[in-house]
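To be precise, the following lines are data_10.cif, and they hold mmCIF, C-alpha atoms.
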data_run
#
loop_
_atom_site.label_atom_id
_atom_site.label_comp_id
_atom_site.auth_asym_id
_atom_site.auth_seq_id
_atom_site.Cartn_x
_atom_site.Cartn_y
_atom_site.Cartn_z
CA MET A 1 -132.25 168.74 -12.00
CA ASN A 2 -131.80 169.47 -8.31
CA LYS A 3 -128.21 169.94 -7.28
CA THR A 4 -127.03 167.61 -4.58
CA LYS A 5 -124.35 168.26 -2.03
CA GLU A 6 -121.24 166.15 -2.61
CA PHE A 7 -120.50 164.06 0.48
CA LYS A 8 -116.99 164.58 1.81
CA TYR A 9 -115.01 163.34 4.78
CA ILE A 10 -116.03 165.37 7.84
CA GLN A 11 -113.01 165.74 10.10
CA SER A 12 -115.06 167.30 12.90
CA PHE A 13 -116.78 163.93 13.34
CA ASP A 14 -113.45 162.52 14.57
CA SER A 15 -113.44 165.10 17.36
CA MET A 16 -117.00 164.17 18.31
CA ARG A 17 -116.18 160.46 18.29
CA GLY A 18 -113.12 161.16 20.42
CA PHE A 19 -115.20 163.16 22.88
CA GLY A 20 -117.88 160.46 23.00
CA CYS A 21 -115.37 157.64 23.44
CA LEU A 22 -113.62 159.45 26.29
CA LEU A 23 -117.01 159.88 27.96
CA VAL A 24 -117.62 156.13 27.76
CA LEU A 25 -114.17 155.28 29.14
CA VAL A 26 -114.36 157.73 32.02
CA ALA A 27 -117.92 156.62 32.79
CA HIS A 28 -116.93 152.95 32.94
CA GLY A 29 -114.03 153.85 35.21
CA SER A 30 -115.73 156.38 37.46
CA TYR A 31 -117.92 153.93 39.44
CA GLY A 32 -121.16 155.81 38.91
CA LEU A 33 -119.82 159.36 39.20
CA MET A 34 -120.51 160.07 35.51
CA LYS A 35 -123.88 158.37 35.37
CA GLY A 36 -125.06 160.15 32.21
CA ALA A 37 -122.25 159.28 29.81
CA TRP A 38 -124.81 157.23 27.85
CA VAL A 39 -125.33 160.43 25.78
CA ALA A 40 -122.24 159.38 23.82
CA LEU A 41 -124.21 156.45 22.39
CA ASP A 42 -126.86 158.85 21.05
CA LEU A 43 -124.09 160.70 19.21
CA PHE A 44 -122.63 157.47 17.81
CA PHE A 45 -126.01 156.20 16.59
CA ILE A 46 -126.94 159.47 14.89
CA VAL A 47 -123.52 159.74 13.24
CA SER A 48 -123.86 156.14 11.96
CA GLY A 49 -127.28 156.85 10.47
CA PHE A 50 -125.97 160.00 8.81
CA LEU A 51 -122.74 158.56 7.43
CA ILE A 52 -124.16 155.30 6.08
CA THR A 53 -127.07 157.09 4.40
CA SER A 54 -124.76 159.75 2.94
CA LEU A 55 -122.34 157.16 1.55
CA LEU A 56 -125.14 155.09 0.01
CA LEU A 57 -126.69 158.21 -1.48
CA LYS A 58 -123.33 159.27 -2.92
CA GLU A 59 -122.91 155.85 -4.52
CA TYR A 60 -126.39 155.94 -6.03
CA LEU A 61 -125.98 159.43 -7.43
CA LYS A 62 -122.75 158.40 -9.17
CA THR A 63 -123.79 154.95 -10.43
CA SER A 64 -127.63 154.93 -10.24
CA ASP A 65 -127.26 151.76 -8.18
CA ILE A 66 -126.21 150.49 -4.74
CA SER A 67 -123.88 147.51 -4.67
CA PHE A 68 -125.04 145.45 -1.69
CA LYS A 69 -122.12 143.08 -2.08
CA LYS A 70 -119.57 145.90 -1.86
CA PHE A 71 -121.43 147.60 0.98
CA TYR A 72 -121.42 144.50 3.17
CA TRP A 73 -117.83 143.72 2.20
CA ARG A 74 -116.73 147.23 3.21
CA ARG A 75 -118.61 146.94 6.52
CA ALA A 76 -117.03 143.54 7.19
CA LEU A 77 -113.54 144.90 6.53
CA LYS A 78 -114.09 147.73 9.01
CA ILE A 79 -116.06 145.95 11.71
CA LEU A 80 -114.97 142.32 11.94
CA PRO A 81 -111.16 142.34 12.52
CA PRO A 82 -111.30 144.52 15.69
CA LEU A 83 -114.42 142.66 16.84
CA PHE A 84 -112.64 139.29 16.58
CA ILE A 85 -109.70 140.69 18.57
CA CYS A 86 -112.07 142.04 21.22
CA ILE A 87 -113.89 138.72 21.59
CA LEU A 88 -110.59 136.81 21.69
CA LEU A 89 -109.25 139.19 24.35
CA ALA A 90 -112.46 138.89 26.38
CA ASN A 91 -112.30 135.10 26.28
CA ILE A 92 -108.63 135.03 27.31
CA LEU A 93 -109.38 137.31 30.28
CA TRP A 94 -112.71 135.65 31.17
CA PRO A 95 -111.29 133.02 33.63
CA PHE A 96 -109.34 135.75 35.44
CA THR A 97 -112.22 138.26 35.72
CA ASN A 98 -114.85 138.51 38.44
CA PHE A 99 -118.45 138.51 37.18
CA GLU A 100 -121.96 138.63 38.56
CA PRO A 101 -123.66 135.24 39.03
CA GLY A 102 -125.05 133.94 35.75
CA ALA A 103 -122.29 135.09 33.38
CA ASN A 104 -122.15 132.63 30.50
CA GLN A 105 -118.99 132.70 28.39
CA ALA A 106 -120.30 130.61 25.48
CA LEU A 107 -123.60 132.51 25.21
CA ALA A 108 -121.95 135.93 25.56
CA THR A 109 -119.38 135.04 22.89
CA SER A 110 -122.09 133.79 20.52
CA GLY A 111 -124.15 136.91 21.18
CA GLY A 112 -121.16 139.12 20.36
CA LEU A 113 -120.23 137.22 17.21
CA PHE A 114 -123.75 136.96 15.81
CA TYR A 115 -125.10 140.30 17.03
CA PHE A 116 -127.86 139.28 19.43
CA ILE A 117 -126.09 140.22 22.65
CA ASN A 118 -128.43 143.20 23.12
CA PHE A 119 -131.27 140.70 23.66
CA LEU A 120 -129.45 138.78 26.42
CA GLN A 121 -129.89 139.52 30.11
CA GLU A 122 -127.06 141.86 31.22
CA ASN A 123 -125.69 139.51 33.89
CA ILE A 124 -125.08 136.86 31.19
CA THR A 125 -122.88 139.01 28.97
CA GLY A 126 -119.85 139.41 31.28
CA ASN A 127 -117.01 141.41 29.77
CA LEU A 128 -118.80 141.60 26.40
CA LEU A 129 -121.76 143.62 27.67
CA HIS A 130 -120.67 146.72 25.74
CA LEU A 131 -121.16 144.95 22.39
CA TRP A 132 -124.91 145.59 22.63
CA SER A 133 -124.47 148.87 20.74
CA LEU A 134 -122.69 147.07 17.89
CA SER A 135 -125.66 144.71 17.63
CA VAL A 136 -128.00 147.69 17.20
CA GLU A 137 -125.81 149.20 14.48
CA GLU A 138 -125.31 145.88 12.70
CA HIS A 139 -129.07 145.32 12.51
CA PHE A 140 -129.31 148.76 10.89
CA TYR A 141 -126.50 147.92 8.42
CA LEU A 142 -128.23 144.66 7.54
CA PHE A 143 -131.55 146.13 6.42
CA TRP A 144 -130.97 149.79 5.56
CA PRO A 145 -129.18 149.44 2.15
CA LEU A 146 -132.17 147.47 0.81
CA LEU A 147 -134.68 149.98 2.18
CA MET A 148 -132.49 152.86 1.04
CA LEU A 149 -132.62 151.78 -2.60
CA PHE A 150 -136.40 151.47 -2.37
CA PHE A 151 -136.63 154.92 -0.73
CA ILE A 152 -134.57 156.58 -3.44
CA THR A 153 -136.26 154.98 -6.44
CA LYS A 154 -139.88 154.74 -5.28
CA ILE A 155 -140.55 157.37 -2.62
CA SER A 156 -140.40 161.14 -2.96
CA PHE A 157 -138.24 163.29 -0.67
CA LYS A 158 -141.22 164.65 1.30
CA LYS A 159 -142.70 161.19 1.85
CA ARG A 160 -139.32 159.94 3.09
CA ILE A 161 -139.16 162.74 5.64
CA TRP A 162 -142.68 162.06 6.85
CA PHE A 163 -142.00 158.33 7.06
CA LEU A 164 -138.96 158.91 9.28
CA ILE A 165 -140.85 161.37 11.51
CA ILE A 166 -143.75 158.92 11.97
CA LEU A 167 -141.28 156.07 12.61
CA MET A 168 -139.53 158.07 15.33
CA PHE A 169 -142.90 158.92 16.91
CA ILE A 170 -143.88 155.23 16.98
CA VAL A 171 -140.47 154.22 18.35
CA GLY A 172 -140.82 156.83 21.12
CA ILE A 173 -144.19 155.42 22.19
CA VAL A 174 -142.88 151.83 22.13
CA ARG A 175 -139.75 152.83 24.03
CA ILE A 176 -141.79 154.45 26.80
CA GLY A 177 -144.09 151.44 26.92
CA ILE A 178 -141.25 148.94 27.21
CA PHE A 179 -139.59 150.98 29.96
CA ASN A 180 -142.80 150.86 31.98
CA SER A 181 -143.41 147.14 31.36
CA TYR A 182 -140.18 145.13 31.54
CA LEU A 183 -140.14 142.25 29.02
CA SER A 184 -138.09 139.19 29.90
CA TRP A 185 -138.00 135.50 28.93
CA SER A 186 -135.47 133.28 30.69
CA LEU A 187 -132.06 134.29 29.26
CA PHE A 188 -133.48 136.97 26.97
CA THR A 189 -134.90 140.43 27.44
CA ILE A 190 -136.22 143.41 25.50
CA ASP A 191 -135.46 146.66 27.29
CA SER A 192 -135.84 150.29 26.34
CA TYR A 193 -132.10 150.99 26.45
CA ARG A 194 -130.44 148.14 24.52
CA SER A 195 -133.07 146.69 22.17
CA THR A 196 -132.70 147.54 18.50
CA PHE A 197 -136.15 148.97 17.84
CA CYS A 198 -135.94 151.28 20.85
CA ARG A 199 -132.70 152.82 19.54
CA ILE A 200 -133.83 153.27 15.95
CA ASP A 201 -135.04 156.78 16.87
CA SER A 202 -131.43 158.02 17.14
CA ILE A 203 -130.34 156.26 13.96
CA SER A 204 -133.42 157.56 12.11
CA LEU A 205 -132.50 161.10 13.12
CA GLY A 206 -129.13 160.57 11.45
CA VAL A 207 -130.85 159.24 8.32
CA LEU A 208 -133.21 162.22 8.31
CA LEU A 209 -130.28 164.62 8.65
CA ALA A 210 -128.49 162.95 5.73
CA PHE A 211 -131.47 163.37 3.42
CA ILE A 212 -131.93 167.02 4.42
CA ALA A 213 -128.20 167.87 4.30
CA ASN A 214 -128.00 166.36 0.82
CA LYS A 215 -130.38 169.07 -0.42
CA GLY A 216 -128.04 171.89 0.61
CA SER A 217 -126.67 173.89 3.54
CA THR A 218 -128.73 175.01 6.50
CA LYS A 219 -128.73 178.54 7.92
CA LEU A 220 -126.13 177.42 10.47
CA SER A 221 -123.46 177.65 7.77
CA THR A 222 -123.86 181.45 7.81
CA VAL A 223 -123.50 181.82 11.59
CA SER A 224 -120.24 183.43 12.71
CA ASP A 225 -117.53 181.34 14.41
CA SER A 226 -117.87 183.36 17.63
CA LYS A 227 -121.57 182.53 17.86
CA VAL A 228 -120.84 178.89 17.05
CA SER A 229 -118.31 178.87 19.92
CA ILE A 230 -121.01 180.11 22.29
CA LEU A 231 -123.44 177.44 21.02
CA ILE A 232 -120.86 174.66 21.44
CA CYS A 233 -119.99 175.83 24.97
CA LEU A 234 -123.70 175.94 25.84
CA ILE A 235 -124.15 172.39 24.50
CA LEU A 236 -121.15 171.22 26.54
CA CYS A 237 -122.69 172.75 29.67
CA ILE A 238 -125.96 170.91 29.00
CA TYR A 239 -124.02 167.68 28.45
CA GLY A 240 -122.13 168.32 31.69
CA VAL A 241 -125.39 168.55 33.67
CA ILE A 242 -126.73 165.37 32.03
CA ILE A 243 -123.47 163.45 32.47
CA PHE A 244 -123.32 164.05 36.23
CA THR A 245 -127.03 163.87 37.08
CA VAL A 246 -129.09 161.70 34.68
CA SER A 247 -128.64 157.92 34.68
CA ALA A 248 -129.80 155.62 31.88
CA THR A 249 -132.60 154.37 34.16
CA ASN A 250 -133.90 157.85 34.98
CA THR A 251 -137.72 157.87 34.97
CA TYR A 252 -138.09 161.26 33.30
CA LEU A 253 -135.52 160.38 30.64
CA ASN A 254 -137.25 157.12 29.73
CA ASN A 255 -140.72 158.63 29.71
CA GLY A 256 -139.88 161.03 26.89
CA GLY A 257 -136.78 162.88 28.01
CA PHE A 258 -134.74 160.95 25.44
CA ILE A 259 -136.43 163.05 22.75
CA ILE A 260 -134.75 166.16 24.16
CA THR A 261 -131.32 164.51 24.42
CA ASN A 262 -131.66 163.19 20.86
CA PHE A 263 -132.28 166.68 19.54
CA ILE A 264 -129.36 168.09 21.53
CA ALA A 265 -127.20 165.42 19.86
CA ILE A 266 -128.56 166.17 16.38
CA PHE A 267 -127.88 169.88 16.87
CA THR A 268 -124.30 169.07 17.94
CA ILE A 269 -123.80 166.98 14.82
CA LEU A 270 -125.41 169.60 12.59
CA LEU A 271 -122.89 172.15 13.87
CA ALA A 272 -120.08 169.72 13.06
CA ILE A 273 -121.41 169.30 9.52
CA GLU A 274 -121.93 172.99 8.79
CA LYS A 275 -118.86 174.25 10.66
CA PRO A 276 -116.31 171.42 10.21
CA ASN A 277 -113.31 173.77 10.35
CA HIS A 278 -114.29 175.49 13.59
CA TYR A 279 -111.33 175.58 15.97
CA LEU A 280 -113.24 173.85 18.79
CA TYR A 281 -113.55 170.80 16.53
CA GLY A 282 -109.85 170.88 15.65
CA ASN A 283 -108.39 169.34 18.81
CA LYS A 284 -105.69 166.94 17.59
CA SER A 285 -105.89 164.64 20.62
CA LEU A 286 -109.64 164.21 20.22
CA GLN A 287 -109.21 163.60 16.49
CA TRP A 288 -106.54 160.97 17.18
CA ILE A 289 -108.84 159.17 19.61
CA GLY A 290 -111.82 159.64 17.29
CA LYS A 291 -110.11 157.88 14.38
CA ARG A 292 -109.42 154.93 16.70
CA SER A 293 -112.65 155.15 18.69
CA TYR A 294 -114.12 151.90 17.35
CA GLY A 295 -111.17 149.81 18.53
CA LEU A 296 -110.86 151.74 21.78
CA TYR A 297 -114.55 151.18 22.53
CA LEU A 298 -114.19 147.45 21.84
CA TYR A 299 -110.99 146.75 23.77
CA HIS A 300 -111.47 148.88 26.85
CA PHE A 301 -114.26 146.94 28.55
CA PRO A 302 -112.56 143.51 28.92
CA VAL A 303 -109.42 145.32 30.12
CA PHE A 304 -111.38 147.46 32.59
CA MET A 305 -113.22 144.47 34.06
CA PHE A 306 -110.05 142.40 34.39
CA LEU A 307 -108.12 145.15 36.20
CA GLU A 308 -111.00 145.96 38.55
CA GLN A 309 -110.03 143.07 40.86
CA PHE A 310 -106.73 144.80 41.66
CA ARG A 311 -108.35 147.99 42.94
CA GLN A 312 -108.40 148.47 46.71
CA TRP A 313 -111.73 149.72 48.01
CA HIS A 314 -111.79 153.12 49.76
CA ASN A 315 -108.23 153.79 48.63
CA HIS A 316 -107.98 156.90 46.43
CA VAL A 317 -104.39 156.22 45.38
CA SER A 318 -105.34 152.70 44.27
CA PHE A 319 -108.37 154.05 42.42
CA LEU A 320 -106.31 156.62 40.49
CA PHE A 321 -103.53 154.14 39.71
CA ILE A 322 -105.88 151.42 38.43
CA PHE A 323 -107.90 153.98 36.48
CA PHE A 324 -104.72 155.28 34.81
CA LEU A 325 -103.65 151.69 34.10
CA LYS A 326 -107.02 150.85 32.53
CA ILE A 327 -106.91 153.87 30.21
CA SER A 328 -103.24 153.41 29.31
CA ILE A 329 -103.47 149.71 28.46
CA SER A 330 -106.65 150.26 26.44
CA ILE A 331 -105.04 153.07 24.41
CA VAL A 332 -101.84 151.08 23.79
CA LEU A 333 -103.84 148.04 22.59
CA THR A 334 -105.92 150.31 20.37
CA ALA A 335 -102.86 152.04 18.87
CA ILE A 336 -101.21 148.70 18.05
CA SER A 337 -104.42 147.33 16.54
CA TYR A 338 -104.99 150.46 14.46
CA LYS A 339 -101.45 150.60 13.07
CA TYR A 340 -100.96 146.94 12.23
CA ILE A 341 -104.51 145.71 11.55
CA GLU A 342 -107.09 148.44 10.94
CA GLU A 343 -104.95 150.92 8.97
CA PRO A 344 -103.77 148.39 6.34
CA ILE A 345 -107.36 147.18 5.94
CA LEU A 346 -108.62 150.78 5.62
CA LYS A 347 -106.18 151.34 2.72
CA TYR A 348 -107.61 148.32 0.94
CA LYS A 349 -111.13 149.53 1.73
CA LYS A 350 -110.42 152.90 0.08
CA LYS A 351 -109.33 151.10 -3.10
CA LEU A 352 -112.55 149.12 -2.98
CA ASN A 353 -114.57 152.32 -2.58
CA SER A 354 -112.99 153.97 -5.60
CA SER A 355 -113.13 150.92 -7.88
CA LYS A 356 -116.82 151.30 -8.68
CA LEU A 357 -117.47 155.01 -8.28
CA GLN A 358 -115.43 156.22 -11.23
CA LYS A 359 -118.00 156.42 -14.02
CA PRO A 360 -121.70 157.25 -13.72
CA ASN A 361 -124.19 154.70 -14.98
CA LEU A 362 -125.78 156.27 -18.04
CA LYS A 363 -128.97 154.31 -17.45
CA ALA A 364 -129.95 156.73 -14.71
CA ASP A 365 -132.83 158.91 -15.82
CA LYS A 366 -133.44 162.51 -14.84
CA ASN A 367 -136.50 161.82 -12.68
CA THR A 368 -134.68 159.14 -10.67
CA LEU A 369 -131.74 161.41 -9.89
CA GLU A 370 -134.03 164.30 -8.94
CA ARG A 371 -135.92 161.97 -6.62
CA ALA A 372 -132.67 161.14 -4.77
#
Can you turn what I pasted into structure tokens?
Amino acid sequence: MNKTKEFKYIQSFDSMRGFGCLLVLVAHGSYGLMKGAWVALDLFFIVSGFLITSLLLKEYLKTSDISFKKFYWRRALKILPPLFICILLANILWPFTNFEPGANQALATSGGLFYFINFLQENITGNLLHLWSLSVEEHFYLFWPLLMLFFITKISFKKRIWFLIILMFIVGIVRIGIFNSYLSWSLFTIDSYRSTFCRIDSISLGVLLAFIANKGSTKLSTVSDSKVSILICLILCIYGVIIFTVSATNTYLNNGGFIITNFIAIFTILLAIEKPNHYLYGNKSLQWIGKRSYGLYLYHFPVFMFLEQFRQWHNHVSFLFIFFLKISISIVLTAISYKYIEEPILKYKKKLNSSKLQKPNLKADKNTLERA
């Protein structure tokens, strides 16, 4: 029987989430200066694909089954409480926030609650625009556990890999095509940046990495820490160039350049997996933010949009003060939410995780486990 790699909590992912979340916050508060901070979303999508696949695979290897009920219950416990707070906050601040013409509070709220906001025209979504990425991830969570069980039990490892590669190739072609032919119907749109299918390439890379990592370590695990430091610094330099020069609407990016940025992201994540204890991933501040990144991502945008009206144009002091206020209020809200809402729920979620994964299901046969 092939040995599989036991999935464990990867602390370095917290640092990456913290880094990505800070990019998003600074980008939304920099008024176009950091036009390429969208790379953080690539990291988030790939990490989601990797973690969800790894957790499902771990459950199957221990029980020879995947409990859909428990999976969706665990996701609901993690996702819904902060989401409800975000939507409530956005609705409270909506009457006091300036929007583009066409902002529709009822439609934006419905889109955020029922995960179709990524198909609404941007001007409609108001201070809930940022929830488009949650819609993409939720669509993945909805279908992947069912497909995952089929993949494990019916499809060999090599065929899985080829399926994911072909899927990413098709998604790339469709994504380029949609960018060059804008699709819009009244209140709805399908664009190459926010639509679910066009972002499945990043998530599929995470899934692919999970399947490969499950088979064992890569050669990166043998690379010295000094060389890893050089690689991480090089990656940060590349990200720096992208962040300050490449917007999400860049022609070269949307005509295939996203393939390069996806692979830069996957290499970053691979380093985090194989070198989780590297000192550059051990920044405590980034880890603190990373553990709270979901709430921080949710709460910051309504706060940012509300406070924007108080900024004085062409006044650097006002800009810095309002920017500091935006960040501070967002972090305080996040810290309160995490301590009194998310953390207690996470403790219950851990009990739920351990309740079923104690004893292996003896019905699992050798061929099925080797296939996984």
Who sits within 9 Å of range 279-284 of chain A, all atoms listed in the file, same chain under 2 positions skipped, as a list in words: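 Residues meeting the cut-off are Gln11, Ser12, Phe13, Asp14, Ser15, Met16, Asp225, Ser229, Ile232, Ala272, Lys275, Pro276, Asn277, Leu286, Gln287, Trp288 and Ile289 of chain A.
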So that I have them on file, write out the residues from the current selection with C-alpha atoms, as a tab-separated table (two decimals), in the coordinates of the input.
chain	number	residue	atom	x	y	z
A	11	GLN	CA	-113.01	165.74	10.10
A	12	SER	CA	-115.06	167.30	12.90
A	13	PHE	CA	-116.78	163.93	13.34
A	14	ASP	CA	-113.45	162.52	14.57
A	15	SER	CA	-113.44	165.10	17.36
A	16	MET	CA	-117.00	164.17	18.31
A	225	ASP	CA	-117.53	181.34	14.41
A	229	SER	CA	-118.31	178.87	19.92
A	232	ILE	CA	-120.86	174.66	21.44
A	272	ALA	CA	-120.08	169.72	13.06
A	275	LYS	CA	-118.86	174.25	10.66
A	276	PRO	CA	-116.31	171.42	10.21
A	277	ASN	CA	-113.31	173.77	10.35
A	286	LEU	CA	-109.64	164.21	20.22
A	287	GLN	CA	-109.21	163.60	16.49
A	288	TRP	CA	-106.54	160.97	17.18
A	289	ILE	CA	-108.84	159.17	19.61
Residue with smallest distance to Asp65 in chain A - pool A:Ile170, A:Val246, A:Ala106, A:Leu146, counting only C-alpha atoms: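 So, comparing all the options, the nearest one is A:Leu146.
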Distance criterion (all atoms listed in the file): nearest to Leu296 in chain A out of A:Val241, A:Met34, A:Leu333, A:Ile165: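 Going through A:Val241, A:Met34, A:Leu333, A:Ile165 one by one, the smallest distance to Leu296 in chain A is for A:Leu333.
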Nearest to Pro82 in chain A, chosen from A:Val174, A:Leu271, A:Leu113, A:Leu41, with all atoms listed in the file counted in the distances: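 Closest residue, counting all atoms listed in the file: A:Leu113.
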Would you give the centre and edge lengths, in Å to one decimal, of a box along x, y and z around the listed atoms of range 286-294 of chain A, with 3 Å added to each side, as JSON?
{"center_x": -110.3, "center_y": 158.1, "center_z": 17.3, "size_x": 13.6, "size_y": 18.3, "size_z": 11.8}
Coordinates-based distance that separates CA of Thr53 in chain A from CA of Leu142 in chain A (Å, one decimal):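 Here the two named atoms are 12.9 Å from each other.
Of note, CA of Val24 in chain A and CA of Ala37 in chain A are spaced 6.0 Å apart.
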What are the closest atom pairs, with distances in Å to one decimal, for all residues of range 111-181 of chain A lying within 6 Å of range 196-214 of chain A? Consider all atoms listed in the file, order rows by chain and residue number, and present the result as JSON lines.
{"residue": "A:Val136", "atom": "CA", "partner": "A:Thr196", "partner_atom": "CA", "distance": 4.9}
{"residue": "A:Met168", "atom": "CA", "partner": "A:Asp201", "partner_atom": "CA", "distance": 4.9}
{"residue": "A:Val171", "atom": "CA", "partner": "A:Cys198", "partner_atom": "CA", "distance": 6.0}
{"residue": "A:Arg175", "atom": "CA", "partner": "A:Cys198", "partner_atom": "CA", "distance": 5.2}
Please produce a file of the residues just selected, as a JSON list (two decimals), in the frame of the given file, where the atoms kept are C-alpha atoms.
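Saved file part36.json follows:
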[["chain", "number", "residue", "atom", "x", "y", "z"],
["A", 136, "VAL", "CA", -128.00, 147.69, 17.20],
["A", 168, "MET", "CA", -139.53, 158.07, 15.33],
["A", 171, "VAL", "CA", -140.47, 154.22, 18.35],
["A", 175, "ARG", "CA", -139.75, 152.83, 24.03]]
Pick from A:Leu134, A:Leu25, A:Ile152, A:Ile85, whichever lies nearest to Leu56 in chain A using all atoms listed in the file: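 Checking each candidate against Leu56 in chain A, we get A:Ile152 as the closest.
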Selected residue, from A:Ile176, A:Leu131, A:Val332, A:Ile238, that lies nearest to Ile259 in chain A when counting only C-alpha atoms: A:Ile176
Report as CSV the residues of range 41-158 of chain A within 6 Å of range 297-303 of chain A, each with its shortest atom pair and distance in Å (one decimal), using only C-alpha atoms, ordered by chain and increasing residue number.
residue,atom,partner,partner_atom,distance
A:Cys86,CA,A:Tyr299,CA,5.5
A:Ala90,CA,A:Pro302,CA,5.3
A:Asn127,CA,A:Pro302,CA,5.0
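Minimum distance to Lys78 in chain A across A:Tyr338, A:Tyr239, A:Phe319, A:Phe244 (counting all atoms listed in the file) occurs at A:Tyr338.
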Distance in Å - CA of Ala265 in chain A versus CA of Phe179 in chain A: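 Separating CA of Ala265 in chain A from CA of Phe179 in chain A is a distance of 21.5 Å.
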Residues matched by the PyMOL selection byres ((chain A and resi 306-310) around 9), written as a ChimeraX atom specification: /A:93-94,96-98,127,301-305,311-312,318,322-323,325-326
Residue contacts of Thr109 in chain A (9 Å, all atoms listed in the file) excluding same-chain residues fewer than 6 positions away, as a PyMOL selection string: chain A and resi 87+90-91+117+125+128
Non-local contacts of Arg194 in chain A (7 Å; all atoms listed in the file; under 3 positions in same chain excluded) as a list of chain:residue names: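 Here the answer would be A:Asn118, A:Trp132, A:Asp191.
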